[in-house]
Amino acid sequence: MKNKKYYILNESQIKDENKYDIGGLSPFDIGIPLLDISDENIKEIYYYRWHTFCSHIKETPLGYIVTEFTPSVPWEGIYGSIVCPAGHHMYEGRWLHDKKYLDDYARFWFKEGANPMLYSTWLADSVYAICKVTGDFSLAQSLYEDLKENYDKWEKKHRMDRGCKLLYQIDNYDGMEFSASGNGCRPTINSYQYGDALALSKIADSLGKEDEKAYYENEYKEQKAKMDKSLWDKEACFYKNINGYYRCDVRELIGYIPWYFNMPDEDKSEAWKFLNDENYFYAPFGPTTTERNYKDFMKEYSHMCLWNGPSWPFATSQTLTALGNLLCNYNQDVMEKRDYYNLLKLYAQSQYIVNDDGQKIPWIDENLDPFTGEWIAKKIMAEKNYDELNQKRGIHYNHSSFCDLVLMGLAGIRPRDDEKIEINPLFDKNDVEYLCVDGVLYHNQYLSILWDKTGNKYNKGAGLKVYVDGVLKAESPKLAKIII
């Protein structure tokens, strides 16, 4: 690996400006992409979330893993592992310079004692997502048989029947307790299975297994057809849960998850018109997990884990990833790039609390009131006089992504499985005066992405520039999609 990582930004200055005393490994020792941006709020949360993520990297007898909770909780697996947010963990951690942590974590789920099926997640897709950043697909190839077995187990355990093709899941084991639509053939687990089948087809192709490639291609095509037929509500223009024999009468944020895997056809893009509408999902600290006009929206408010309306970083992360795919991979006119920036900014602004000294400090927890920004689980545990350990269970909660949303979305580094570099920043020139991500280890080369509206910030000229190992490879006077 090259000694030189950063070509534009100063690592020591960033270190001095972003100190978070939360313990664990230092992201600067592991190696992370540096960020400079005119939006100080996004910048602060970016570095806070890297510190948070690295504090959850834990060494075990089975290698390094990434945990969800800081203290131990009764439902965790061995060494504090919980598979529910593993997809978020792998998308987030794939940008670390030192690859051993995520390699170990991906392999961990298939070692004796781990439980990769306790909650729904998207393991094959997220392992493949790691490889698209490294450019080395040996990790996915070495885990191919394990990922196949995991896929087949979900088919056998959760498929309603082979003719139906849809998977059934209890909302609690989607990590989404007390949801508005409840148990059923949910857009969550069915989208995850689509994404995993798509990834398995690509891994099979890389291994030269033509028959298996064809099998998984058929699997994800069948999955898409069934979801379009049964979960897509034409009248409501939305993917919905089937609870029993009927499609539920409520739109939930999980209806956007199919776009996380680029599954829907372009004619379904109209579903996104609800995201910025106050009658549906928009809220000052949103988006809400259930549409606001639903009769039982936030009806129950006494439990710590509610998915009937509160804003959840887990779901906001999924929605932003899905929105990024919509903007980059679809021909549509419902959403614009500045919609991505505005939602990311809203998400960043929600990640704070006011401490006992009256200071506003970065904070990530379980779920929050979409209208006040108050962290719900934290409030309820305090009101019910839970013991000190339980009151700390949500501290620096690792159940979502943020840094990946900045790198893949805002800065526009779109990982690919070929040898091209694709840059497509998701913001409007009037929203961001300057942005630089430096030291992005991509396919064993260090990328620097620079946007300078006036040219006065970095003194390298105005516009968008892409550097590879410090050498200018492409530039544009305006924000544009660049493929090298």
# chains A, B, ... in the order shown; residues from 1 in each chain; ligands from 1
$ residues_around --residues "A:Lys100" --least-positions-apart "5" --cutoff "12 Å" --atoms "only C-alpha atoms" --output "PyMOL selection string"
chain A and resi 30-31+57+59+63-65+93-95+105-108+130+134+139
$ write_last_selection --atoms "N, CA and C atoms" --output "compact mmCIF listing (two decimals), in the first residue's frame"
# COMPACT_ATOMS: atom_id res chain seq x y z
N ILE A 30 -6.87 3.60 11.77
CA ILE A 30 -7.33 2.61 10.79
C ILE A 30 -7.22 3.17 9.38
N GLY A 31 -7.52 4.45 9.26
CA GLY A 31 -7.49 5.12 7.97
C GLY A 31 -8.88 5.34 7.42
N ILE A 57 -15.93 -1.56 16.71
CA ILE A 57 -15.11 -2.65 16.19
C ILE A 57 -14.51 -3.40 17.38
N GLU A 59 -12.52 -6.95 18.87
CA GLU A 59 -11.73 -8.14 18.58
C GLU A 59 -12.28 -9.32 19.39
N GLY A 63 -12.17 -13.38 15.30
CA GLY A 63 -11.77 -12.25 14.47
C GLY A 63 -12.51 -10.99 14.88
N TYR A 64 -12.31 -9.93 14.13
CA TYR A 64 -12.97 -8.65 14.43
C TYR A 64 -14.42 -8.70 14.00
N ILE A 65 -15.28 -8.08 14.81
CA ILE A 65 -16.68 -7.91 14.44
C ILE A 65 -17.06 -6.45 14.68
N GLY A 93 -18.40 0.49 6.63
CA GLY A 93 -17.01 0.16 6.92
C GLY A 93 -16.18 -0.15 5.69
N ARG A 94 -16.81 -0.30 4.53
CA ARG A 94 -16.03 -0.65 3.33
C ARG A 94 -15.06 0.45 2.90
N TRP A 95 -15.21 1.66 3.45
CA TRP A 95 -14.34 2.77 3.08
C TRP A 95 -13.11 2.88 3.97
N TYR A 105 -15.25 -9.44 9.70
CA TYR A 105 -16.67 -9.32 10.06
C TYR A 105 -17.55 -10.08 9.07
N ALA A 106 -17.25 -9.97 7.79
CA ALA A 106 -18.04 -10.70 6.79
C ALA A 106 -17.91 -12.21 7.01
N ARG A 107 -16.71 -12.68 7.30
CA ARG A 107 -16.49 -14.11 7.50
C ARG A 107 -17.11 -14.59 8.82
N PHE A 108 -17.18 -13.70 9.80
CA PHE A 108 -17.68 -14.08 11.13
C PHE A 108 -19.07 -14.70 11.06
N ILE A 130 -18.74 -4.45 -0.48
CA ILE A 130 -17.36 -4.27 -0.01
C ILE A 130 -16.39 -4.46 -1.17
N THR A 134 -13.15 -2.29 -2.90
CA THR A 134 -11.76 -2.77 -2.90
C THR A 134 -11.27 -3.14 -4.30
N LEU A 139 -13.04 -11.97 -1.51
CA LEU A 139 -13.84 -12.12 -0.29
C LEU A 139 -15.19 -12.72 -0.63
$ residues_around --residues "stretch 444-446 of chain A" --least-positions-apart "3" --cutoff "7 Å" --atoms "only C-alpha atoms" --output "JSON, numbers by chain"
{"A": [5, 134, 439, 440, 441, 468, 469]}
$ select_by_dssp --residues "stretch 365-460 of chain A" --states "strand (DSSP E or B)" --output "list of chain:residue names"
A:Leu368, A:Trp375, A:Ile413, A:Glu422, A:Ile423, A:Tyr434, A:Leu435, A:Cys436, A:Val437, A:Asp438, A:Gly439, A:Val440, A:Leu441, A:Tyr442, A:Gln445, A:Tyr446, A:Leu447, A:Ser448, A:Ile449, A:Leu450, A:Trp451, A:Asp452
$ residues_around --residues "A:Phe297" --least-positions-apart "3" --cutoff "8 Å" --atoms "only C-alpha atoms" --output "PyMOL selection string"
chain A and resi 180+290-294+308-309
$ write_last_selection --atoms "all heavy atoms" --output "compact mmCIF listing (two decimals), in the first residue's frame"
# COMPACT_ATOMS: atom_id res chain seq x y z
N ALA A 180 -46.64 -0.18 11.79
CA ALA A 180 -48.03 0.10 11.47
C ALA A 180 -48.69 -1.06 10.74
O ALA A 180 -49.86 -1.39 10.98
CB ALA A 180 -48.13 1.38 10.63
N THR A 290 -43.85 6.00 9.13
CA THR A 290 -45.22 5.75 8.67
C THR A 290 -45.77 7.07 8.16
O THR A 290 -45.47 8.13 8.71
CB THR A 290 -46.10 5.24 9.83
OG1 THR A 290 -45.53 4.03 10.35
CG2 THR A 290 -47.52 4.97 9.38
N GLU A 291 -46.58 7.02 7.11
CA GLU A 291 -47.13 8.26 6.58
C GLU A 291 -47.96 8.97 7.64
O GLU A 291 -48.69 8.35 8.42
CB GLU A 291 -47.96 8.01 5.33
CG GLU A 291 -49.13 7.07 5.50
CD GLU A 291 -49.86 6.83 4.19
OE1 GLU A 291 -49.79 7.71 3.30
OE2 GLU A 291 -50.48 5.77 4.04
N ARG A 292 -47.84 10.29 7.69
CA ARG A 292 -48.43 11.08 8.77
C ARG A 292 -49.95 11.11 8.75
O ARG A 292 -50.58 11.37 9.78
CB ARG A 292 -47.88 12.52 8.71
CG ARG A 292 -46.42 12.61 9.08
CD ARG A 292 -45.83 13.98 8.82
NE ARG A 292 -46.55 15.03 9.51
CZ ARG A 292 -46.19 16.31 9.52
NH1 ARG A 292 -45.11 16.68 8.84
NH2 ARG A 292 -46.89 17.21 10.18
N ASN A 293 -50.56 10.85 7.61
CA ASN A 293 -52.02 10.89 7.54
C ASN A 293 -52.67 9.56 7.92
O ASN A 293 -53.89 9.43 7.85
CB ASN A 293 -52.47 11.30 6.14
CG ASN A 293 -52.00 10.35 5.06
OD1 ASN A 293 -51.43 9.31 5.36
ND2 ASN A 293 -52.24 10.70 3.81
N TYR A 294 -51.88 8.58 8.34
CA TYR A 294 -52.43 7.29 8.73
C TYR A 294 -53.15 7.41 10.06
O TYR A 294 -52.70 8.11 10.98
CB TYR A 294 -51.30 6.26 8.83
CG TYR A 294 -51.76 4.88 9.18
CD1 TYR A 294 -52.68 4.21 8.39
CD2 TYR A 294 -51.26 4.23 10.31
CE1 TYR A 294 -53.11 2.92 8.70
CE2 TYR A 294 -51.67 2.94 10.63
CZ TYR A 294 -52.60 2.30 9.83
OH TYR A 294 -53.02 1.02 10.15
N ASN A 308 -44.18 2.95 14.21
CA ASN A 308 -45.48 3.43 13.73
C ASN A 308 -45.46 4.92 13.42
O ASN A 308 -46.49 5.57 13.37
CB ASN A 308 -46.58 3.11 14.75
CG ASN A 308 -46.35 3.81 16.09
OD1 ASN A 308 -45.36 4.52 16.26
ND2 ASN A 308 -47.25 3.60 17.04
N GLY A 309 -44.29 5.50 13.25
CA GLY A 309 -44.21 6.92 12.93
C GLY A 309 -42.90 7.58 13.28
O GLY A 309 -42.42 8.44 12.53
$ residues_around --residues "A:Leu320" --least-positions-apart "2" --cutoff "9 Å" --atoms "only C-alpha atoms" --output "mmCIF file with N, CA, C and O atoms, in the first residue's frame"
data_model
loop_
_atom_site.group_PDB
_atom_site.id
_atom_site.type_symbol
_atom_site.label_atom_id
_atom_site.label_comp_id
_atom_site.auth_asym_id
_atom_site.auth_seq_id
_atom_site.Cartn_x
_atom_site.Cartn_y
_atom_site.Cartn_z
ATOM 1 N N TYR A 260 -33.169 0.542 -2.989
ATOM 2 C CA TYR A 260 -31.843 0.289 -2.400
ATOM 3 C C TYR A 260 -31.068 -0.682 -3.282
ATOM 4 O O TYR A 260 -29.835 -0.642 -3.349
ATOM 5 N N ALA A 315 -33.817 3.416 9.074
ATOM 6 C CA ALA A 315 -34.670 3.575 7.895
ATOM 7 C C ALA A 315 -34.259 4.779 7.060
ATOM 8 O O ALA A 315 -34.333 4.752 5.827
ATOM 9 N N THR A 316 -33.834 5.855 7.713
ATOM 10 C CA THR A 316 -33.383 7.032 6.977
ATOM 11 C C THR A 316 -32.167 6.692 6.124
ATOM 12 O O THR A 316 -32.043 7.141 4.981
ATOM 13 N N SER A 317 -31.264 5.863 6.661
ATOM 14 C CA SER A 317 -30.090 5.422 5.906
ATOM 15 C C SER A 317 -30.509 4.644 4.665
ATOM 16 O O SER A 317 -29.970 4.856 3.571
ATOM 17 N N GLN A 318 -31.440 3.724 4.839
ATOM 18 C CA GLN A 318 -31.922 2.942 3.697
ATOM 19 C C GLN A 318 -32.559 3.846 2.647
ATOM 20 O O GLN A 318 -32.350 3.677 1.442
ATOM 21 N N ALA A 322 -31.356 4.466 -1.190
ATOM 22 C CA ALA A 322 -32.317 4.230 -2.266
ATOM 23 C C ALA A 322 -32.503 5.474 -3.124
ATOM 24 O O ALA A 322 -32.569 5.393 -4.356
ATOM 25 N N LEU A 323 -32.575 6.641 -2.481
ATOM 26 C CA LEU A 323 -32.739 7.891 -3.219
ATOM 27 C C LEU A 323 -31.519 8.171 -4.092
ATOM 28 O O LEU A 323 -31.649 8.633 -5.236
ATOM 29 N N GLY A 324 -30.339 7.880 -3.576
ATOM 30 C CA GLY A 324 -29.134 8.040 -4.371
ATOM 31 C C GLY A 324 -29.179 7.188 -5.630
ATOM 32 O O GLY A 324 -28.792 7.632 -6.723
ATOM 33 N N ASN A 325 -29.667 5.951 -5.501
ATOM 34 C CA ASN A 325 -29.803 5.083 -6.667
ATOM 35 C C ASN A 325 -30.823 5.635 -7.656
ATOM 36 O O ASN A 325 -30.611 5.594 -8.872
ATOM 37 N N TYR A 340 -31.607 15.082 -2.239
ATOM 38 C CA TYR A 340 -30.696 14.211 -1.488
ATOM 39 C C TYR A 340 -29.938 15.039 -0.449
ATOM 40 O O TYR A 340 -29.858 14.657 0.730
ATOM 41 N N LEU A 343 -32.197 16.061 2.488
ATOM 42 C CA LEU A 343 -32.508 14.980 3.422
ATOM 43 C C LEU A 343 -31.288 14.592 4.245
ATOM 44 O O LEU A 343 -31.392 14.339 5.449
ATOM 45 N N LEU A 344 -30.113 14.570 3.612
ATOM 46 C CA LEU A 344 -28.886 14.277 4.360
ATOM 47 C C LEU A 344 -28.632 15.346 5.415
ATOM 48 O O LEU A 344 -28.230 15.043 6.547
ATOM 49 N N LEU A 405 -23.149 7.481 3.144
ATOM 50 C CA LEU A 405 -24.086 8.368 2.455
ATOM 51 C C LEU A 405 -23.396 9.644 1.980
ATOM 52 O O LEU A 405 -23.782 10.229 0.965
ATOM 53 N N GLY A 409 -23.022 9.061 -1.815
ATOM 54 C CA GLY A 409 -24.101 9.929 -2.252
ATOM 55 C C GLY A 409 -23.674 11.356 -2.494
ATOM 56 O O GLY A 409 -23.583 11.813 -3.634
#
